[in-house]
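Participant: This one is my_file-v4.csv, CSV, C-alpha atoms and all ligand atoms.
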chain,number,residue,atom,x,y,z
A,152,MET,CA,0.0,0.0,0.0
A,153,GLU,CA,1.3,3.4,-0.9
A,154,LEU,CA,1.6,5.8,2.0
A,155,ASP,CA,-0.5,8.9,1.6
A,156,ILE,CA,1.6,11.7,3.0
A,157,THR,CA,-0.9,14.4,2.1
A,158,LYS,CA,-3.0,13.5,5.1
A,159,PRO,CA,-2.1,13.1,8.7
A,160,PRO,CA,-2.4,9.4,9.7
A,161,ALA,CA,-5.8,8.6,11.2
A,162,SER,CA,-4.2,7.9,14.6
A,163,MET,CA,-3.0,11.5,14.7
A,164,GLN,CA,-6.2,13.2,13.6
A,165,ASN,CA,-8.1,15.1,16.2
A,166,PRO,CA,-11.4,13.4,17.0
A,167,ALA,CA,-13.3,16.7,16.9
A,168,PRO,CA,-13.2,18.2,13.4
A,169,THR,CA,-11.5,21.6,13.2
A,170,LEU,CA,-12.7,24.6,11.2
A,171,LEU,CA,-9.2,26.1,11.1
A,172,GLY,CA,-7.7,26.0,7.6
A,173,LEU,CA,-11.1,26.1,5.9
A,174,ASP,CA,-12.3,28.9,3.8
A,175,ARG,CA,-15.8,30.2,3.9
A,176,ALA,CA,-17.1,27.5,1.6
A,177,GLY,CA,-15.4,24.8,3.6
A,178,ILE,CA,-16.8,26.2,6.9
A,179,ALA,CA,-20.3,26.3,5.4
A,180,VAL,CA,-20.0,22.7,4.3
A,181,ALA,CA,-18.9,21.7,7.8
A,182,LEU,CA,-21.8,23.6,9.3
A,183,THR,CA,-24.4,21.9,7.0
A,184,GLN,CA,-22.9,18.5,8.0
A,185,PHE,CA,-23.4,19.7,11.5
A,186,GLY,CA,-27.1,20.3,10.8
A,187,LEU,CA,-27.6,23.9,9.7
A,188,GLU,CA,-29.6,24.7,6.6
A,189,ALA,CA,-27.6,26.0,3.6
A,190,LYS,CA,-28.6,29.6,4.0
A,191,PRO,CA,-27.8,30.1,7.7
A,192,ALA,CA,-24.7,27.9,7.3
A,193,LYS,CA,-23.4,30.4,4.7
A,194,MET,CA,-24.1,33.4,6.9
A,195,ARG,CA,-22.6,31.8,10.0
A,196,ALA,CA,-19.6,30.7,8.0
A,197,ALA,CA,-18.9,34.3,7.0
A,198,GLN,CA,-19.1,35.3,10.6
A,199,ILE,CA,-16.9,32.5,11.9
A,200,TYR,CA,-14.4,33.2,9.2
A,201,ARG,CA,-14.0,36.7,10.4
A,202,TRP,CA,-13.7,35.7,14.0
A,203,LEU,CA,-11.0,33.1,13.2
A,204,TYR,CA,-8.9,35.1,10.8
A,205,HIS,CA,-9.6,38.7,11.5
A,206,GLN,CA,-10.1,38.7,15.2
A,207,GLY,CA,-7.8,35.7,15.9
A,208,VAL,CA,-10.4,34.2,18.2
A,209,SER,CA,-10.2,30.5,19.0
A,210,ASP,CA,-13.2,30.1,21.3
A,211,PHE,CA,-16.8,30.0,20.0
A,212,ALA,CA,-17.9,31.6,23.3
A,213,LYS,CA,-16.3,34.8,22.2
A,214,MET,CA,-18.1,34.9,18.9
A,215,THR,CA,-20.8,37.1,20.2
A,216,ASN,CA,-22.9,37.4,17.0
A,217,LEU,CA,-23.4,33.7,16.6
A,218,GLY,CA,-26.4,33.3,18.9
A,219,LYS,CA,-26.4,32.1,22.5
A,220,GLU,CA,-27.7,28.6,21.8
A,221,LEU,CA,-25.5,27.9,18.9
A,222,ARG,CA,-22.2,28.8,20.6
A,223,PRO,CA,-22.0,25.9,23.1
A,224,GLN,CA,-23.2,23.4,20.4
A,225,LEU,CA,-20.4,24.4,18.2
A,226,THR,CA,-17.9,24.3,21.0
A,227,GLU,CA,-19.0,20.7,21.6
A,228,HIS,CA,-18.7,19.7,18.0
A,229,PHE,CA,-15.7,21.6,16.6
A,230,ASP,CA,-12.2,22.0,17.7
A,231,LEU,CA,-10.6,25.5,17.2
A,232,SER,CA,-7.5,25.0,19.3
A,233,ARG,CA,-4.2,26.1,18.0
A,234,PRO,CA,-1.2,23.8,17.8
A,235,THR,CA,1.2,24.4,20.7
A,236,ILE,CA,4.4,26.3,20.7
A,237,THR,CA,6.8,23.8,22.3
A,238,GLU,CA,9.8,26.1,22.1
A,239,ARG,CA,10.2,29.8,21.6
A,240,LEU,CA,13.6,31.4,21.1
A,241,VAL,CA,14.3,35.0,20.5
A,242,SER,CA,17.6,36.0,18.9
A,243,LYS,CA,19.8,38.9,19.7
A,244,ASP,CA,18.7,40.5,16.4
A,245,GLY,CA,15.0,40.2,17.3
A,246,THR,CA,14.3,37.1,15.1
A,247,ARG,CA,11.9,34.7,16.8
A,248,LYS,CA,11.8,31.0,16.2
A,249,TYR,CA,8.9,28.9,17.2
A,250,LEU,CA,8.9,25.1,17.3
A,251,ILE,CA,5.3,24.2,16.8
A,252,ARG,CA,3.8,20.8,17.7
A,253,PHE,CA,0.9,19.8,15.5
A,254,ALA,CA,0.6,16.2,16.7
A,255,PRO,CA,2.8,13.7,18.5
A,256,GLY,CA,6.1,13.5,16.6
A,257,VAL,CA,5.0,16.1,14.1
A,258,GLU,CA,6.8,19.4,14.7
A,259,ALA,CA,7.9,22.1,12.4
A,260,GLU,CA,9.6,25.5,12.8
A,261,THR,CA,8.3,28.9,12.0
A,262,VAL,CA,10.5,32.0,12.1
A,263,PHE,CA,9.6,35.6,12.4
A,264,ILE,CA,12.2,38.0,11.0
A,265,PRO,CA,11.7,41.7,11.8
A,266,GLY,CA,13.0,44.3,9.4
A,267,VAL,CA,12.1,42.5,6.1
A,268,GLY,CA,9.7,43.7,3.5
A,269,ARG,CA,7.7,46.6,4.8
A,270,SER,CA,8.1,45.5,8.3
A,271,GLY,CA,8.7,41.8,9.0
A,272,ALA,CA,8.5,38.4,7.3
A,273,LEU,CA,7.1,35.2,8.7
A,274,CYS,CA,8.9,32.2,7.3
A,275,VAL,CA,6.6,29.2,7.3
A,276,SER,CA,7.1,25.5,6.8
A,277,SER,CA,5.1,23.4,4.3
A,278,GLN,CA,6.4,20.0,5.3
A,279,VAL,CA,7.9,18.3,8.3
A,280,GLY,CA,11.3,17.4,6.9
A,281,CYS,CA,11.9,17.2,3.2
A,282,THR,CA,12.2,14.4,0.6
A,283,LEU,CA,14.9,16.3,-1.4
A,284,ASN,CA,18.5,16.0,-0.2
A,285,CYS,CA,20.1,19.3,-1.1
A,286,SER,CA,23.6,18.7,0.1
A,287,PHE,CA,24.0,22.1,1.9
A,288,CYS,CA,20.7,22.1,3.6
A,289,HIS,CA,20.2,20.7,7.1
A,290,THR,CA,16.4,20.2,6.6
A,291,GLY,CA,17.3,18.0,3.6
A,292,SER,CA,19.3,15.7,5.8
A,293,GLN,CA,16.2,14.8,7.7
A,294,ALA,CA,13.6,12.4,6.5
A,295,LEU,CA,10.1,13.6,5.5
A,296,VAL,CA,7.6,13.1,8.3
A,297,ARG,CA,4.6,14.3,6.4
A,298,ASN,CA,3.0,17.2,4.5
A,299,LEU,CA,1.5,19.9,6.7
A,300,THR,CA,-2.3,20.4,6.1
A,301,ALA,CA,-3.6,23.8,5.1
A,302,ALA,CA,-4.8,24.2,8.6
A,303,GLU,CA,-1.4,23.6,10.0
A,304,ILE,CA,0.2,26.1,7.5
A,305,VAL,CA,-2.4,28.8,8.4
A,306,ALA,CA,-2.0,28.0,12.1
A,307,GLN,CA,1.7,29.0,11.9
A,308,VAL,CA,0.6,32.6,11.0
A,309,LEU,CA,-2.1,32.6,13.7
A,310,VAL,CA,0.3,31.4,16.4
A,311,ALA,CA,2.9,34.0,15.4
A,312,ARG,CA,0.3,36.7,15.5
A,313,ASP,CA,-0.8,35.5,18.9
A,314,ASP,CA,2.8,35.8,20.1
A,315,LEU,CA,3.3,39.2,18.5
A,316,ASN,CA,0.0,40.4,19.9
A,317,GLU,CA,-1.3,41.4,16.5
A,318,TRP,CA,-5.0,40.9,16.7
A,319,PRO,CA,-7.4,42.0,15.3
A,320,THR,CA,-5.6,42.2,11.9
A,321,PRO,CA,-4.2,45.7,11.9
A,322,SER,CA,-4.7,47.8,8.8
A,323,ALA,CA,-1.5,49.7,9.5
A,324,GLY,CA,1.7,49.3,11.5
A,325,ARG,CA,1.8,45.6,11.2
A,326,GLN,CA,4.7,43.5,12.3
A,327,ILE,CA,4.0,40.6,10.0
A,328,THR,CA,3.7,42.1,6.5
A,329,ASN,CA,5.1,39.3,4.4
A,330,VAL,CA,4.9,35.5,4.4
A,331,VAL,CA,7.6,33.4,2.8
A,332,PHE,CA,7.4,29.7,2.3
A,333,MET,CA,11.1,29.2,3.0
A,334,GLY,CA,10.9,27.1,6.2
A,335,MET,CA,11.1,23.4,6.2
A,336,GLY,CA,10.0,21.4,3.2
A,337,GLU,CA,9.3,21.7,-0.5
A,338,PRO,CA,6.1,23.7,-0.9
A,339,LEU,CA,5.4,22.5,-4.5
A,340,TYR,CA,5.3,18.9,-3.2
A,341,ASN,CA,2.4,20.0,-1.0
A,342,LEU,CA,0.8,22.3,-3.5
A,343,GLN,CA,-2.9,21.8,-2.8
A,344,ASN,CA,-2.5,22.7,0.9
A,345,VAL,CA,-0.1,25.6,0.1
A,346,LEU,CA,-2.7,27.0,-2.4
A,347,MET,CA,-5.5,26.6,0.1
A,348,ALA,CA,-3.4,28.3,2.8
A,349,THR,CA,-2.3,31.2,0.6
A,350,GLY,CA,-6.0,31.8,-0.3
A,351,ILE,CA,-6.8,32.1,3.4
A,352,ILE,CA,-3.7,34.1,4.3
A,353,SER,CA,-4.4,36.6,1.5
A,354,ASP,CA,-8.1,37.0,2.0
A,355,GLY,CA,-8.9,40.7,2.7
A,356,GLU,CA,-11.6,39.8,5.3
A,357,GLY,CA,-9.2,37.8,7.4
A,358,ILE,CA,-5.4,37.6,7.8
A,359,SER,CA,-5.2,39.9,4.8
A,360,ILE,CA,-1.6,39.6,3.7
A,361,SER,CA,-1.8,40.3,0.0
A,362,ARG,CA,-0.6,37.7,-2.5
A,363,ARG,CA,2.1,40.1,-3.7
A,364,ARG,CA,3.6,39.8,-0.2
A,365,ILE,CA,3.5,36.0,-0.2
A,366,THR,CA,6.6,34.3,-1.7
A,367,VAL,CA,6.8,30.6,-2.4
A,368,SER,CA,10.3,29.2,-2.7
A,369,THR,CA,10.9,26.0,-4.7
A,370,SER,CA,14.0,23.9,-5.5
A,371,GLY,CA,12.5,23.7,-9.0
A,372,ILE,CA,9.6,21.3,-9.3
A,373,VAL,CA,8.9,22.3,-12.9
A,374,PRO,CA,5.5,20.6,-13.5
A,375,LYS,CA,4.0,22.3,-10.5
A,376,MET,CA,5.2,25.9,-11.2
A,377,HIS,CA,2.5,26.9,-13.6
A,378,GLU,CA,-0.3,25.8,-11.3
A,379,LEU,CA,1.3,27.8,-8.5
A,380,GLY,CA,1.3,31.0,-10.6
A,381,GLU,CA,-2.1,30.4,-12.1
A,382,HIS,CA,-4.0,29.6,-8.9
A,383,GLY,CA,-1.8,30.9,-6.1
A,384,GLN,CA,-0.6,34.1,-7.8
A,385,ALA,CA,2.1,34.1,-5.2
A,386,MET,CA,5.5,35.6,-5.8
A,387,LEU,CA,8.0,32.9,-6.9
A,388,ALA,CA,11.5,32.3,-5.6
A,389,ILE,CA,13.8,29.7,-7.2
A,390,SER,CA,16.6,28.0,-5.2
A,391,LEU,CA,19.1,28.1,-8.1
A,392,HIS,CA,22.5,27.9,-6.4
A,393,ALA,CA,24.4,26.7,-9.5
A,394,VAL,CA,24.7,27.7,-13.1
A,395,SER,CA,25.7,24.4,-14.6
A,396,ASP,CA,23.7,21.1,-14.6
A,397,ASP,CA,26.8,19.2,-13.4
A,398,LEU,CA,27.1,21.3,-10.2
A,399,ARG,CA,23.4,21.7,-9.6
A,400,ASN,CA,22.9,18.0,-9.8
A,401,LYS,CA,25.2,17.7,-6.8
A,402,LEU,CA,23.8,20.6,-4.8
A,403,VAL,CA,20.1,20.4,-5.6
A,404,PRO,CA,19.7,16.8,-6.8
A,405,ILE,CA,16.1,17.3,-8.1
A,406,ASN,CA,18.0,19.0,-11.0
A,407,LYS,CA,18.6,15.6,-12.4
A,408,LYS,CA,14.9,15.3,-13.0
A,409,TYR,CA,14.2,18.9,-13.9
A,410,PRO,CA,17.5,20.4,-15.4
A,411,LEU,CA,18.3,24.0,-15.7
A,412,ALA,CA,17.0,24.6,-19.2
A,413,GLU,CA,13.5,23.3,-18.2
A,414,LEU,CA,13.5,25.2,-15.0
A,415,LEU,CA,14.4,28.5,-16.7
A,416,GLN,CA,11.8,27.9,-19.4
A,417,ALA,CA,9.2,27.4,-16.7
A,418,CYS,CA,10.3,30.7,-15.1
A,419,LYS,CA,9.9,32.4,-18.5
A,420,ASP,CA,6.4,31.0,-18.7
A,421,TYR,CA,5.4,31.7,-15.0
A,422,PRO,CA,2.0,33.4,-15.1
A,423,GLY,CA,2.1,36.9,-13.8
A,424,ALA,CA,5.8,37.4,-13.8
A,425,SER,CA,6.7,41.0,-14.9
A,426,ASN,CA,9.1,43.7,-14.1
A,427,ALA,CA,6.8,44.7,-11.3
A,428,ARG,CA,6.5,41.1,-10.1
A,429,ARG,CA,10.0,39.7,-10.5
A,430,ILE,CA,11.1,36.1,-9.8
A,431,THR,CA,13.7,35.9,-7.1
A,432,PHE,CA,16.6,33.6,-7.7
A,433,GLU,CA,18.2,32.4,-4.5
A,434,TYR,CA,21.9,31.7,-4.7
A,435,VAL,CA,23.7,30.3,-1.6
A,436,MET,CA,27.4,31.4,-1.5
A,437,LEU,CA,29.5,28.3,-1.0
A,438,ASP,CA,33.2,28.8,-0.6
A,439,GLY,CA,35.1,27.6,-3.7
A,440,ILE,CA,32.1,25.7,-5.0
A,441,ASN,CA,29.8,28.1,-6.9
A,442,ASP,CA,31.2,31.6,-6.1
A,443,SER,CA,33.6,32.5,-9.0
A,444,ASP,CA,33.4,35.6,-11.2
A,445,ALA,CA,32.9,33.3,-14.2
A,446,GLU,CA,29.8,31.8,-12.4
A,447,ALA,CA,28.4,35.3,-11.7
A,448,ARG,CA,28.7,36.2,-15.4
A,449,GLU,CA,27.1,32.9,-16.4
A,450,LEU,CA,24.3,33.6,-13.9
A,451,VAL,CA,23.6,36.9,-15.7
A,452,ARG,CA,23.6,35.2,-19.1
A,453,LEU,CA,21.2,32.5,-17.9
A,454,LEU,CA,18.7,34.9,-16.5
A,455,ALA,CA,18.5,37.1,-19.7
A,456,GLY,CA,14.9,37.5,-20.6
A,457,ILE,CA,13.4,36.7,-17.2
A,458,PRO,CA,12.2,39.5,-14.9
A,459,ALA,CA,14.5,38.5,-12.1
A,460,LYS,CA,16.1,39.6,-8.9
A,461,ILE,CA,18.9,37.7,-7.3
A,462,ASN,CA,19.2,37.0,-3.6
A,463,LEU,CA,22.7,36.0,-2.5
A,464,ILE,CA,22.5,34.0,0.7
A,465,PRO,CA,25.6,33.5,2.7
A,466,PHE,CA,25.8,29.8,3.6
A,467,ASN,CA,24.6,29.1,7.1
A,468,PRO,CA,26.7,26.4,8.7
A,469,TRP,CA,25.3,23.5,10.6
A,470,PRO,CA,27.1,20.7,12.4
A,471,GLY,CA,28.6,18.2,10.0
A,472,ALA,CA,28.1,20.3,6.9
A,473,ALA,CA,30.6,19.7,4.1
A,474,PHE,CA,30.6,23.4,3.0
A,475,ALA,CA,31.9,26.7,4.2
A,476,CYS,CA,30.5,30.2,3.5
A,477,SER,CA,32.3,32.3,0.8
A,478,SER,CA,34.4,35.2,2.2
A,479,TRP,CA,32.6,38.5,2.4
A,480,GLN,CA,35.0,39.9,-0.2
A,481,ARG,CA,34.0,37.1,-2.6
A,482,ILE,CA,30.3,37.6,-2.0
A,483,GLU,CA,30.7,41.3,-2.7
A,484,ALA,CA,32.7,40.7,-5.9
A,485,PHE,CA,30.1,38.3,-7.1
A,486,ALA,CA,27.3,40.8,-6.2
A,487,GLN,CA,29.1,43.5,-8.1
A,488,ILE,CA,29.1,41.6,-11.4
A,489,VAL,CA,25.4,40.8,-11.0
A,490,ASN,CA,24.6,44.4,-10.1
A,491,LYS,CA,26.6,45.8,-13.0
A,492,ALA,CA,24.4,43.7,-15.3
A,493,GLY,CA,21.4,45.5,-13.9
A,494,TYR,CA,20.1,43.1,-11.4
A,495,SER,CA,19.3,44.0,-7.9
A,496,SER,CA,21.2,41.5,-5.8
A,497,PRO,CA,20.8,42.1,-2.1
A,498,ILE,CA,22.9,39.9,0.1
A,499,ARG,CA,20.7,38.3,2.6
A,500,THR,CA,21.9,39.1,6.1
A,501,PRO,CA,21.9,36.0,8.1
A,502,ARG,CA,19.3,36.3,10.8
A,503,GLY,CA,18.9,34.4,14.0
A,504,ARG,CA,22.0,32.3,13.6
A,505,ASP,CA,22.4,32.3,17.4
A,506,ILE,CA,19.1,30.4,17.7
A,507,PHE,CA,19.6,28.3,14.6
A,508,ALA,CA,16.8,30.0,12.8
A,509,ALA,CA,18.7,31.0,9.6
A,510,CYS,CA,18.0,29.5,6.2
A,511,GLY,CA,18.8,25.8,6.0
A,512,GLN,CA,19.4,25.5,9.8
A,513,LEU,CA,15.8,24.6,10.7
A,514,LYS,CA,15.0,21.6,12.8
A,515,SER,CA,18.6,21.0,13.9
A,516,ALA,CA,18.2,22.5,17.4
A,517,SER,CA,15.0,20.6,18.0
A,518,ILE,CA,16.6,17.3,17.1
A,519,LYS,CA,19.6,18.2,19.3
A,520,LYS,CA,17.2,18.9,22.1
A,521,ARG,CA,15.4,15.7,21.7
A,522,ALA,CA,18.8,13.9,21.8
A,523,SER,CA,19.8,15.7,24.9
A,524,GLU,CA,16.4,14.9,26.5
A,525,ARG,CA,16.9,11.3,25.7
A,526,LEU,CA,20.3,11.4,27.4
A,527,ARG,CA,18.8,13.1,30.5
A,528,ALA,CA,16.1,10.5,30.6
A,529,ARG,CA,18.6,7.7,30.3
A,530,SER,CA,20.8,9.1,33.1
A,531,LYS,CA,17.7,9.4,35.3
A,532,ASN,CA,16.8,5.8,34.7
A,533,ASN,CA,20.4,4.6,35.5
B,601,LIG,N1,12.5,23.9,0.0
B,601,LIG,C1,12.4,25.2,-0.6
B,601,LIG,C2,12.1,26.3,0.5
B,601,LIG,C3,12.9,26.2,1.8
B,601,LIG,S1,14.6,26.6,1.8
B,601,LIG,C4,13.5,25.5,-1.4
B,601,LIG,O1,14.5,24.8,-1.4
B,601,LIG,O2,13.5,26.5,-2.1
B,601,LIG,C5,14.8,28.4,1.8
B,601,LIG,C6,16.2,28.7,1.1
B,601,LIG,O3,17.3,28.5,2.0
B,601,LIG,C7,16.4,27.9,-0.2
B,601,LIG,O4,16.9,28.7,-1.2
B,601,LIG,C8,17.5,27.0,0.3
B,601,LIG,O5,18.2,26.5,-0.8
B,601,LIG,C9,18.3,27.9,1.2
B,601,LIG,N2,19.2,27.1,2.1
B,601,LIG,C10,19.1,25.8,2.5
B,601,LIG,N3,20.1,25.5,3.4
B,601,LIG,C11,20.9,26.6,3.5
B,601,LIG,C12,22.0,27.0,4.3
B,601,LIG,N4,22.6,26.1,5.1
B,601,LIG,N5,22.5,28.2,4.2
B,601,LIG,C13,21.9,29.1,3.4
B,601,LIG,N6,20.8,28.9,2.7
B,601,LIG,C14,20.3,27.7,2.7
B,602,LIG,FE1,14.3,20.6,0.9
B,602,LIG,FE2,14.6,23.2,0.2
B,602,LIG,FE3,16.3,22.0,1.9
B,602,LIG,FE4,16.4,21.3,-0.7
B,602,LIG,S1,16.9,23.4,0.2
B,602,LIG,S2,16.5,19.9,1.1
B,602,LIG,S3,14.2,21.4,-1.2
B,602,LIG,S4,14.2,22.3,2.2
Could you rewrite the structure in this file as structure tokens?

Facilitator:
Amino acid sequence: MELDITKPPASMQNPAPTLLGLDRAGIAVALTQFGLEAKPAKMRAAQIYRWLYHQGVSDFAKMTNLGKELRPQLTEHFDLSRPTITERLVSKDGTRKYLIRFAPGVEAETVFIPGVGRSGALCVSSQVGCTLNCSFCHTGSQALVRNLTAAEIVAQVLVARDDLNEWPTPSAGRQITNVVFMGMGEPLYNLQNVLMATGIISDGEGISISRRRITVSTSGIVPKMHELGEHGQAMLAISLHAVSDDLRNKLVPINKKYPLAELLQACKDYPGASNARRITFEYVMLDGINDSDAEARELVRLLAGIPAKINLIPFNPWPGAAFACSSWQRIEAFAQIVNKAGYSSPIRTPRGRDIFAACGQLKSASIKKRASERLRARSKNN
């Protein structure tokens, strides 16, 4: 039997159905199954939707316009509880990392990075672990546990907003202005849930973070890119990291299946890409591996004809990694070539390295912690 990783195993599903992660239509369906007629179900769904995603309320008792009798019945039948934050770390630079537990053994990390975009970016996970083994990425060295559901993706935003005290959705002066799918996992291998989640995150009546401020980063799952652009209208980021198939096959092994030429063609065809909505190309700077002047020039040549910006990411080390970060001088020289060719190429300042929250470091601390917990437990038993 093939394992269906798109759904949590039955043993892990909450016995009470949740309304979190559903859009208005989904909530209305759940309410009709619960026993409401279609018309009131539709009206109540719109009210509940606003409570959940605009007010951030997770208790029917507080949904004052629902009717006194209905509220306890809904409380009995539906679960609105958030997943729990099992660890919360705040970096010297203000970055916050949350380890969120969705179910026993199912934990993922979400990172809030202040000072990105208009104000701050929330980096969300789409999977627990990853099936792709990019050689420089620590998440990639961990097996896939499972896809996160739309509810679990949306819940990461809700939980972060709880922690930042950002309810009801403010119209101005927000802390979370952008959402980036750059946490754990490959979002395009969980596209249906990512699309559902981006629909809810961007809806103006709820969390209200516009699609132009939602970026989905992919290692290059070519056959899924068109659908993301067409239905998600999210901004696209590509983890490029190499300019030849030989090297990219080693760094981002999915390149063997979807080589550079196909990937770049899919970028050219990406619905909605324009000079106002550029595709971001992420390029991790690996000392002596992909950081020469010749590679910078080749990068410029490859991206000709694509509305692009380039994001140079200093490599973030993790224990046991076989790579080192390029020197600052090298990164600047590389950036200069790319800039001269007319591309904006910000160098991504590593954020939250002290709490292991930087790109590619996710999950490592939690695994370490579990190992140390095991040790402690063992020494107690001895
Ligand atoms: N799986 C998706 C999104 C998550 S990774 C993807 O690969 O695009 C977010 C970005 O961090 C990707 O560009 C990824 O290649 C990069 N990254 C991974 N490990 C890194 C590390 N150790 N240092 C710097 N960037 C890293
Ligand atoms: Fe997975 Fe992205 Fe890490 Fe590659 S870089 S292993 S696709 S999370």

Participant: Could you give me, as an MDAnalysis selection string, the residues that sit within 12 Å of (19.9, 43.2, -10.2) in the file's coordinates, counting all atoms listed in the file?

Facilitator: chainID A and resid 426 429:432 447 450:451 454:455 457:463 485:498

Participant: Show which residues sit within 10 Å of Leu339 of chain A, as an mmCIF file with C-alpha atoms, keeping the file's coordinate frame. Count all atoms listed in the file, and ignore same-chain residues fewer than 3 positions away.

Facilitator:
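Listed below is the output, out-v6.cif:
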data_model
loop_
_atom_site.group_PDB
_atom_site.id
_atom_site.type_symbol
_atom_site.label_atom_id
_atom_site.label_comp_id
_atom_site.auth_asym_id
_atom_site.auth_seq_id
_atom_site.Cartn_x
_atom_site.Cartn_y
_atom_site.Cartn_z
ATOM 1 C CA SER A 277 5.100 23.400 4.300
ATOM 2 C CA GLY A 336 10.000 21.400 3.200
ATOM 3 C CA LEU A 342 0.800 22.300 -3.500
ATOM 4 C CA GLN A 343 -2.900 21.800 -2.800
ATOM 5 C CA ASN A 344 -2.500 22.700 0.900
ATOM 6 C CA VAL A 345 -0.100 25.600 0.100
ATOM 7 C CA LEU A 346 -2.700 27.000 -2.400
ATOM 8 C CA VAL A 367 6.800 30.600 -2.400
ATOM 9 C CA SER A 368 10.300 29.200 -2.700
ATOM 10 C CA THR A 369 10.900 26.000 -4.700
ATOM 11 C CA SER A 370 14.000 23.900 -5.500
ATOM 12 C CA GLY A 371 12.500 23.700 -9.000
ATOM 13 C CA ILE A 372 9.600 21.300 -9.300
ATOM 14 C CA VAL A 373 8.900 22.300 -12.900
ATOM 15 C CA PRO A 374 5.500 20.600 -13.500
ATOM 16 C CA LYS A 375 4.000 22.300 -10.500
ATOM 17 C CA MET A 376 5.200 25.900 -11.200
ATOM 18 C CA GLU A 378 -0.300 25.800 -11.300
ATOM 19 C CA LEU A 379 1.300 27.800 -8.500
#

Participant: Pick out the residues sitting within 9 Å of Cys476 of chain A, and hand them over as a ChimeraX atom specification; count only C-alpha atoms, and ignore anything fewer than 2 positions along from it in its own chain.

Facilitator: /A:435-439,465-468,474,478-479

Participant: Counting all atoms listed in the file, which residues of chain A sit at most 8 Å from some atom of ligand LIG 602 (chain B), and what is each one's closest atom pair with its distance in Å to one decimal, listed by chain and rising residue number, as a Markdown table?

Facilitator:
| residue | atom | partner | partner_atom | distance |
| --- | --- | --- | --- | --- |
| A:Gly280 | CA | B:LIG602 | S4 | 7.4 |
| A:Cys281 | CA | B:LIG602 | FE1 | 4.8 |
| A:Thr282 | CA | B:LIG602 | FE1 | 6.6 |
| A:Leu283 | CA | B:LIG602 | S2 | 4.7 |
| A:Asn284 | CA | B:LIG602 | S2 | 4.6 |
| A:Cys285 | CA | B:LIG602 | FE4 | 4.2 |
| A:Ser286 | CA | B:LIG602 | S2 | 7.3 |
| A:Phe287 | CA | B:LIG602 | S1 | 7.4 |
| A:Cys288 | CA | B:LIG602 | FE3 | 4.7 |
| A:His289 | CA | B:LIG602 | FE3 | 6.6 |
| A:Thr290 | CA | B:LIG602 | FE3 | 5.0 |
| A:Gly291 | CA | B:LIG602 | S2 | 3.2 |
| A:Ser292 | CA | B:LIG602 | S2 | 6.9 |
| A:Met333 | CA | B:LIG602 | FE2 | 7.5 |
| A:Gly334 | CA | B:LIG602 | S4 | 7.1 |
| A:Met335 | CA | B:LIG602 | S4 | 5.2 |
| A:Gly336 | CA | B:LIG602 | S4 | 4.4 |
| A:Glu337 | CA | B:LIG602 | S3 | 5.0 |
| A:Ser368 | CA | B:LIG602 | FE2 | 7.9 |
| A:Thr369 | CA | B:LIG602 | S3 | 6.7 |
| A:Ser370 | CA | B:LIG602 | S3 | 5.0 |
| A:Ser390 | CA | B:LIG602 | S1 | 7.1 |
| A:Val403 | CA | B:LIG602 | FE4 | 6.2 |
| A:Gly511 | CA | B:LIG602 | FE3 | 6.1 |

Participant: I'd like the neighbourhood of segment 312-318 of chain A as a list in words, where a residue qualifies if any of its atoms comes within 10 Å (using only C-alpha atoms), though same-chain residues fewer than 6 positions away should be ignored.

Facilitator: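 Counting only C-alpha atoms, the residues come to Tyr204, His205, Gln206, Gly207, Val208, Ile236, Arg239, Arg247, Tyr249, Phe263, Leu273, Ala306, Gly324, Arg325, Gln326, Ile327 and Ile358 of chain A.
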
Participant: Which neighbours of Cys274 of chain A fall inside 9 Å, counting only C-alpha atoms, when residues of the same chain fewer than 6 positions from it are skipped, and could you give them as a list in words?

Facilitator: Glu260, Thr261, Val262, Phe263, Ile264, Asn329, Val330, Val331, Phe332, Met333 and Gly334 of chain A

Participant: Between atom CA of Gly383 of chain A and atom CA of Leu203 of chain A, what is the distance, to one decimal in Å?

Facilitator: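 Rounded to one decimal, the two atoms are 21.5 Å apart.
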
Participant: When you draw a straight line from atom CA of Phe229 of chain A to atom CA of Leu170 of chain A, how long is it in Å?

Facilitator: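 Between atom CA of Phe229 of chain A and atom CA of Leu170 of chain A the gap works out to 6.9 Å.
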
Participant: Kindly indicate which residue among A:Glu433, A:Asp442, A:Asp505, A:Asp210 lies nearest to ligand LIG 601 (chain B), using only C-alpha atoms and all ligand atoms for the distances.

Facilitator: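 With only C-alpha atoms and all ligand atoms as the atom set, the closest residue is A:Glu433.
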
Participant: Would you pick out the contacts of Asp244 of chain A at 9 Å or less, using only C-alpha atoms, so that residues sharing its chain but fewer than 5 positions from it are not included, and give the list as a PyMOL selection string?

Facilitator: chain A and resi 264-265+502-503

Participant: Report the distance between atom CA of Thr246 of chain A and atom CA of Ile506 of chain A in Å, rounded to one decimal place.

Facilitator: 8.6 Å

Participant: Given the choices A:Val275, A:Leu299, A:Leu411, A:Ile360, which gets closest to ligand LIG 601 (chain B) if the distance is worked out from only C-alpha atoms and all ligand atoms?

Facilitator: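 Closest residue, counting only C-alpha atoms and all ligand atoms: A:Val275.
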